[in-house]
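In what follows, a single structure is set out as structure tokens and then discussed.
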Amino acid sequence: MSFPPKPAELQSAFSSKLHEPRTAVVLGRWLGATFLICFATGLISHGLQDPPGWLRGHLPSRPVDGYRVTQGLHVISGIAAIPLLGAKLWTVYPKLFAWPPAKSVLQALERLGIVLLVGSALLEVFTGLLNTLQWYPWPFPFRQTHFWLAWIAIGGLLLHIAAKWPEIAANWRRVRADREGADAVPGRRAFLGGVALSVLTVTLVTAGQSVPWLRRLDLLAPRRPDLGPQGLPVNRTAQAAGTVDVSGADWRLAVTGPHPYTLSLDELGALPQYTAQLPISCVEGWSASAHWTGVRVRDLVERVGGDGTARLRIVSLDRDGAYGVTEMEASYARDPLTLLALRVNGDVLAADHGYPARIIAPNRPGVLQTKWVARLEVIA
């Protein structure tokens, strides 16, 4: 094919009748819905992990399964978007070779929207998919890059919709021939049905890591949430954190505030113990519930002289990890379900699950459920 391609060459290369507006609009609706779900739930995840100042005092600790649901939807919709994005690009790709690239300001805006949308969308689903595998072969930070790519993708989508609105509106509804049962474009219904089936299939075989009743179909998801030490998966092991040799006899919990104190493991175990059923929910999309037993964090805060407005800084023995030092907002610290856990499902925590003690709180990302806790600091 010559460059720029000649009209006859384009007609020969893109001969399928499915390269037409109605098919593109239908796929666009489906893809737009997955993008919006993925974008909204991604904002929730980002806000819970790294809240801006104006949001810090308003983070909710309920519903208990809130993060489990939103992050599960985030990953499920992101994976579902992959076959939809491929089908959408196949339908419209002849226009990528149109020459000249722009004949008017409106067309230039349209092409700019396409560049922003396609480029950011491809990078977003590619990096997001590798994140579920915990594989980061790039030099840039994933979470921040993923966040800003999402905004670029949404901006490109809005610009594209604005530029193509007349054509979208004209093809939004089925034409009379479709309503009467005829297939206006041969093969369109079969093609759209195949795309829908592929989306359904990839969802069913991956969503089990988030949806318990789909767990038996969890064939392609990177995690089985029921596999791992004590029946729970592990992202970062004690060996990777350098805490595998921690002895409970030597460990001390330091709690700092108006009246600082330290507790040995035996002293901590002698305090009133509470059990809560809470999920571990990770950004990769998997989640698993367990029964956690330990001391309520609010009791430790009250003992040091803090009150219901106290925020905490939590320091782990894992000093090299990205989340070795985390902060907990007051809404979590005062929630009676937030525990400094010593046991899971009736057994002492395994080293990989944070022995001697770890944080477990409702509606909180897994990366902030700090393991191997060494110090709690009341900071406000």
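For the structure tokens, the naming scheme is as follows: chains receive sequential letters (A, B, ...) according to their order of presentation, residues are indexed from 1 within each chain, and ligands are indexed from 1 in presentation order.
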
Per residue of stretch 135-240 of chain A within 9 Å of stretch 38-44 of chain A, record the nearest atom pair and its distance in Å to one decimal, counting only C-alpha atoms, with rows in chain order and ascending residue number, as a Markdown table.
| residue | atom | partner | partner_atom | distance |
| --- | --- | --- | --- | --- |
| A:Phe147 | CA | A:Gly42 | CA | 7.7 |
| A:Ala150 | CA | A:Phe39 | CA | 6.6 |
| A:Trp151 | CA | A:Phe39 | CA | 8.2 |
| A:Ile154 | CA | A:Phe39 | CA | 8.0 |

Please dump the current selection as a PDB file, in the first residue's frame; keep N, CA and C atoms.
ATOM      1  N   PHE A 147      -3.439   6.819  37.007  1.00  0.00           N
ATOM      2  CA  PHE A 147      -4.404   7.847  37.378  1.00  0.00           C
ATOM      3  C   PHE A 147      -4.500   8.934  36.311  1.00  0.00           C
ATOM      4  N   ALA A 150      -5.987   7.881  32.960  1.00  0.00           N
ATOM      5  CA  ALA A 150      -7.444   7.793  33.006  1.00  0.00           C
ATOM      6  C   ALA A 150      -8.081   9.136  32.684  1.00  0.00           C
ATOM      7  N   TRP A 151      -7.540  10.206  33.223  1.00  0.00           N
ATOM      8  CA  TRP A 151      -8.075  11.531  32.928  1.00  0.00           C
ATOM      9  C   TRP A 151      -7.885  11.899  31.457  1.00  0.00           C
ATOM     10  N   ILE A 154     -10.508   9.941  29.454  1.00  0.00           N
ATOM     11  CA  ILE A 154     -11.840  10.517  29.576  1.00  0.00           C
ATOM     12  C   ILE A 154     -11.921  11.838  28.810  1.00  0.00           C
TER      13      ILE A 154
END

Subject >> Residues near A:Arg224, cut-off 12 Å, only C-alpha atoms, skip fewer than 2 positions along chain, as a PyMOL selection string >> reply: chain A and resi 205-212+214-222+226-228+231-234+284-288

Subject >> Distance criterion (only C-alpha atoms): nearest to A:Arg296 out of A:Ile360, A:Ala196, A:Ala322, A:Asp245 >> reply: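 Using only C-alpha atoms, A:Arg296 sits closest to A:Ile360.
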
Original post:
Between A:Trp54, A:Trp138, A:Trp90, A:Trp372, which has the minimum distance to A:Phe191 (counting only C-alpha atoms)?
Top reply: A:Trp90

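Candidate residues A:Asn345, A:Thr243, A:Gln144, A:Gln107 were compared for distance to A:Asp320, and the nearest is A:Thr243, using only C-alpha atoms.
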
Subject >> Distance criterion (only C-alpha atoms): nearest to A:Arg313 out of A:Arg29, A:Val125, A:Ala254, A:Leu278 >> reply: A:Ala254

Original post:
Could you name the residues that touch A:Glu302 at 10 Å or less, counting only C-alpha atoms, but leaving out those on the same chain fewer than 6 positions away, as a ChimeraX atom specification?
Top reply: /A:257,259,308,310,334

Out of stretch 223-328 of chain A, which residues get strand (DSSP E) from DSSP, as a PDB file with N, CA and C atoms, in the first residue's frame?
ATOM      1  N   ARG A 252       8.079  -5.434  70.474  1.00  0.00           N
ATOM      2  CA  ARG A 252       7.336  -4.500  71.307  1.00  0.00           C
ATOM      3  C   ARG A 252       6.533  -3.573  70.398  1.00  0.00           C
ATOM      4  N   LEU A 253       5.288  -3.305  70.801  1.00  0.00           N
ATOM      5  CA  LEU A 253       4.479  -2.311  70.116  1.00  0.00           C
ATOM      6  C   LEU A 253       4.631  -0.992  70.845  1.00  0.00           C
ATOM      7  N   ALA A 254       5.080   0.042  70.126  1.00  0.00           N
ATOM      8  CA  ALA A 254       5.187   1.379  70.697  1.00  0.00           C
ATOM      9  C   ALA A 254       3.978   2.194  70.248  1.00  0.00           C
ATOM     10  N   VAL A 255       3.295   2.798  71.200  1.00  0.00           N
ATOM     11  CA  VAL A 255       2.153   3.667  70.910  1.00  0.00           C
ATOM     12  C   VAL A 255       2.508   5.047  71.435  1.00  0.00           C
ATOM     13  N   THR A 256       2.617   6.032  70.540  1.00  0.00           N
ATOM     14  CA  THR A 256       3.045   7.369  70.936  1.00  0.00           C
ATOM     15  C   THR A 256       1.874   8.336  70.880  1.00  0.00           C
ATOM     16  N   TYR A 261       3.261   4.615  75.525  1.00  0.00           N
ATOM     17  CA  TYR A 261       3.506   3.365  76.239  1.00  0.00           C
ATOM     18  C   TYR A 261       3.958   2.310  75.240  1.00  0.00           C
ATOM     19  N   THR A 262       4.459   1.205  75.748  1.00  0.00           N
ATOM     20  CA  THR A 262       4.825   0.058  74.924  1.00  0.00           C
ATOM     21  C   THR A 262       4.147  -1.180  75.485  1.00  0.00           C
ATOM     22  N   LEU A 263       3.933  -2.141  74.600  1.00  0.00           N
ATOM     23  CA  LEU A 263       3.307  -3.399  74.990  1.00  0.00           C
ATOM     24  C   LEU A 263       4.079  -4.558  74.373  1.00  0.00           C
ATOM     25  N   SER A 264       4.301  -5.592  75.152  1.00  0.00           N
ATOM     26  CA  SER A 264       4.843  -6.828  74.598  1.00  0.00           C
ATOM     27  C   SER A 264       3.712  -7.592  73.933  1.00  0.00           C
ATOM     28  N   TYR A 274     -11.215  -8.821  70.311  1.00  0.00           N
ATOM     29  CA  TYR A 274     -12.446  -8.752  69.518  1.00  0.00           C
ATOM     30  C   TYR A 274     -12.214  -9.462  68.185  1.00  0.00           C
ATOM     31  N   THR A 275     -13.279 -10.018  67.654  1.00  0.00           N
ATOM     32  CA  THR A 275     -13.208 -10.716  66.365  1.00  0.00           C
ATOM     33  C   THR A 275     -14.152 -10.044  65.376  1.00  0.00           C
ATOM     34  N   ALA A 276     -13.673  -9.845  64.154  1.00  0.00           N
ATOM     35  CA  ALA A 276     -14.483  -9.237  63.093  1.00  0.00           C
ATOM     36  C   ALA A 276     -14.235  -9.985  61.799  1.00  0.00           C
ATOM     37  N   GLN A 277     -15.290 -10.155  61.022  1.00  0.00           N
ATOM     38  CA  GLN A 277     -15.150 -10.744  59.697  1.00  0.00           C
ATOM     39  C   GLN A 277     -14.978  -9.609  58.696  1.00  0.00           C
ATOM     40  N   LEU A 278     -13.786  -9.520  58.134  1.00  0.00           N
ATOM     41  CA  LEU A 278     -13.449  -8.427  57.221  1.00  0.00           C
ATOM     42  C   LEU A 278     -12.699  -8.961  56.014  1.00  0.00           C
ATOM     43  N   PRO A 279     -12.843  -8.298  54.860  1.00  0.00           N
ATOM     44  CA  PRO A 279     -12.117  -8.738  53.680  1.00  0.00           C
ATOM     45  C   PRO A 279     -10.756  -8.057  53.547  1.00  0.00           C
ATOM     46  N   ILE A 280      -9.831  -8.775  52.952  1.00  0.00           N
ATOM     47  CA  ILE A 280      -8.624  -8.161  52.397  1.00  0.00           C
ATOM     48  C   ILE A 280      -8.934  -7.927  50.921  1.00  0.00           C
ATOM     49  N   SER A 281      -8.836  -6.680  50.487  1.00  0.00           N
ATOM     50  CA  SER A 281      -9.191  -6.336  49.099  1.00  0.00           C
ATOM     51  C   SER A 281      -8.040  -5.559  48.491  1.00  0.00           C
ATOM     52  N   SER A 287     -10.042 -10.386  46.309  1.00  0.00           N
ATOM     53  CA  SER A 287     -10.465 -10.116  47.678  1.00  0.00           C
ATOM     54  C   SER A 287     -10.817 -11.433  48.351  1.00  0.00           C
ATOM     55  N   ALA A 288     -10.651 -11.469  49.664  1.00  0.00           N
ATOM     56  CA  ALA A 288     -10.956 -12.674  50.436  1.00  0.00           C
ATOM     57  C   ALA A 288     -11.303 -12.271  51.850  1.00  0.00           C
ATOM     58  N   SER A 289     -12.354 -12.889  52.398  1.00  0.00           N
ATOM     59  CA  SER A 289     -12.790 -12.589  53.761  1.00  0.00           C
ATOM     60  C   SER A 289     -12.165 -13.556  54.756  1.00  0.00           C
ATOM     61  N   ALA A 290     -11.999 -13.089  55.978  1.00  0.00           N
ATOM     62  CA  ALA A 290     -11.472 -13.932  57.054  1.00  0.00           C
ATOM     63  C   ALA A 290     -11.964 -13.386  58.381  1.00  0.00           C
ATOM     64  N   HIS A 291     -11.860 -14.213  59.426  1.00  0.00           N
ATOM     65  CA  HIS A 291     -12.192 -13.791  60.780  1.00  0.00           C
ATOM     66  C   HIS A 291     -10.894 -13.375  61.470  1.00  0.00           C
ATOM     67  N   TRP A 292     -10.822 -12.093  61.823  1.00  0.00           N
ATOM     68  CA  TRP A 292      -9.621 -11.524  62.423  1.00  0.00           C
ATOM     69  C   TRP A 292      -9.882 -11.266  63.904  1.00  0.00           C
ATOM     70  N   THR A 293      -8.893 -11.557  64.728  1.00  0.00           N
ATOM     71  CA  THR A 293      -9.032 -11.355  66.171  1.00  0.00           C
ATOM     72  C   THR A 293      -7.866 -10.519  66.673  1.00  0.00           C
ATOM     73  N   GLY A 294      -8.170  -9.523  67.495  1.00  0.00           N
ATOM     74  CA  GLY A 294      -7.121  -8.675  68.043  1.00  0.00           C
ATOM     75  C   GLY A 294      -7.694  -7.573  68.903  1.00  0.00           C
ATOM     76  N   VAL A 295      -6.895  -6.540  69.110  1.00  0.00           N
ATOM     77  CA  VAL A 295      -7.268  -5.416  69.963  1.00  0.00           C
ATOM     78  C   VAL A 295      -7.829  -4.294  69.101  1.00  0.00           C
ATOM     79  N   ARG A 296      -8.910  -3.669  69.572  1.00  0.00           N
ATOM     80  CA  ARG A 296      -9.459  -2.553  68.812  1.00  0.00           C
ATOM     81  C   ARG A 296      -8.472  -1.391  68.812  1.00  0.00           C
ATOM     82  N   LEU A 312      -3.813   8.477  62.757  1.00  0.00           N
ATOM     83  CA  LEU A 312      -2.672   7.658  63.148  1.00  0.00           C
ATOM     84  C   LEU A 312      -1.655   7.570  62.029  1.00  0.00           C
ATOM     85  N   ARG A 313      -0.405   7.456  62.441  1.00  0.00           N
ATOM     86  CA  ARG A 313       0.658   7.031  61.531  1.00  0.00           C
ATOM     87  C   ARG A 313       1.059   5.631  61.971  1.00  0.00           C
ATOM     88  N   ILE A 314       1.072   4.702  61.027  1.00  0.00           N
ATOM     89  CA  ILE A 314       1.358   3.296  61.335  1.00  0.00           C
ATOM     90  C   ILE A 314       2.701   2.939  60.724  1.00  0.00           C
ATOM     91  N   VAL A 315       3.614   2.471  61.539  1.00  0.00           N
ATOM     92  CA  VAL A 315       4.970   2.169  61.089  1.00  0.00           C
ATOM     93  C   VAL A 315       5.178   0.661  61.156  1.00  0.00           C
ATOM     94  N   SER A 316       5.633   0.105  60.034  1.00  0.00           N
ATOM     95  CA  SER A 316       5.868  -1.328  59.927  1.00  0.00           C
ATOM     96  C   SER A 316       7.343  -1.653  60.122  1.00  0.00           C
ATOM     97  N   VAL A 325       5.233   2.847  55.884  1.00  0.00           N
ATOM     98  CA  VAL A 325       4.651   3.860  56.769  1.00  0.00           C
ATOM     99  C   VAL A 325       3.357   4.331  56.122  1.00  0.00           C
ATOM    100  N   THR A 326       2.244   4.181  56.819  1.00  0.00           N
ATOM    101  CA  THR A 326       0.956   4.593  56.278  1.00  0.00           C
ATOM    102  C   THR A 326       0.238   5.463  57.297  1.00  0.00           C
ATOM    103  N   GLU A 327      -0.804   6.143  56.842  1.00  0.00           N
ATOM    104  CA  GLU A 327      -1.609   6.957  57.735  1.00  0.00           C
ATOM    105  C   GLU A 327      -3.048   6.465  57.722  1.00  0.00           C
ATOM    106  N   MET A 328      -3.685   6.551  58.863  1.00  0.00           N
ATOM    107  CA  MET A 328      -5.067   6.111  59.015  1.00  0.00           C
ATOM    108  C   MET A 328      -5.909   7.297  59.482  1.00  0.00           C
TER     109      MET A 328
END

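Taking atom CA of A:Lys103 and atom CA of A:Leu157 as the two end points, the separation is 21.0 Å.
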
Original post:
as a PyMOL selection string, which residues of stretch 58-243 of chain A does DSSP assign to helix (DSSP H, G or I)?
Top reply: chain A and resi 58+66-97+105-132+142-170+176-179+188-204+207-209+212-217+229-231+238-241

Subject >> Residue contacts of A:Gly155 (9 Å, only C-alpha atoms) excluding same-chain residues fewer than 4 positions away, as a ChimeraX atom specification >> reply: /A:113,116-117,150-151,159-160

Original post:
What is the distance, in Å and to one decimal place, between atom CA of A:Ser120 and atom CA of A:Phe142?
Top reply: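 Value for the atom CA of A:Ser120-atom CA of A:Phe142 distance: 13.7 Å.
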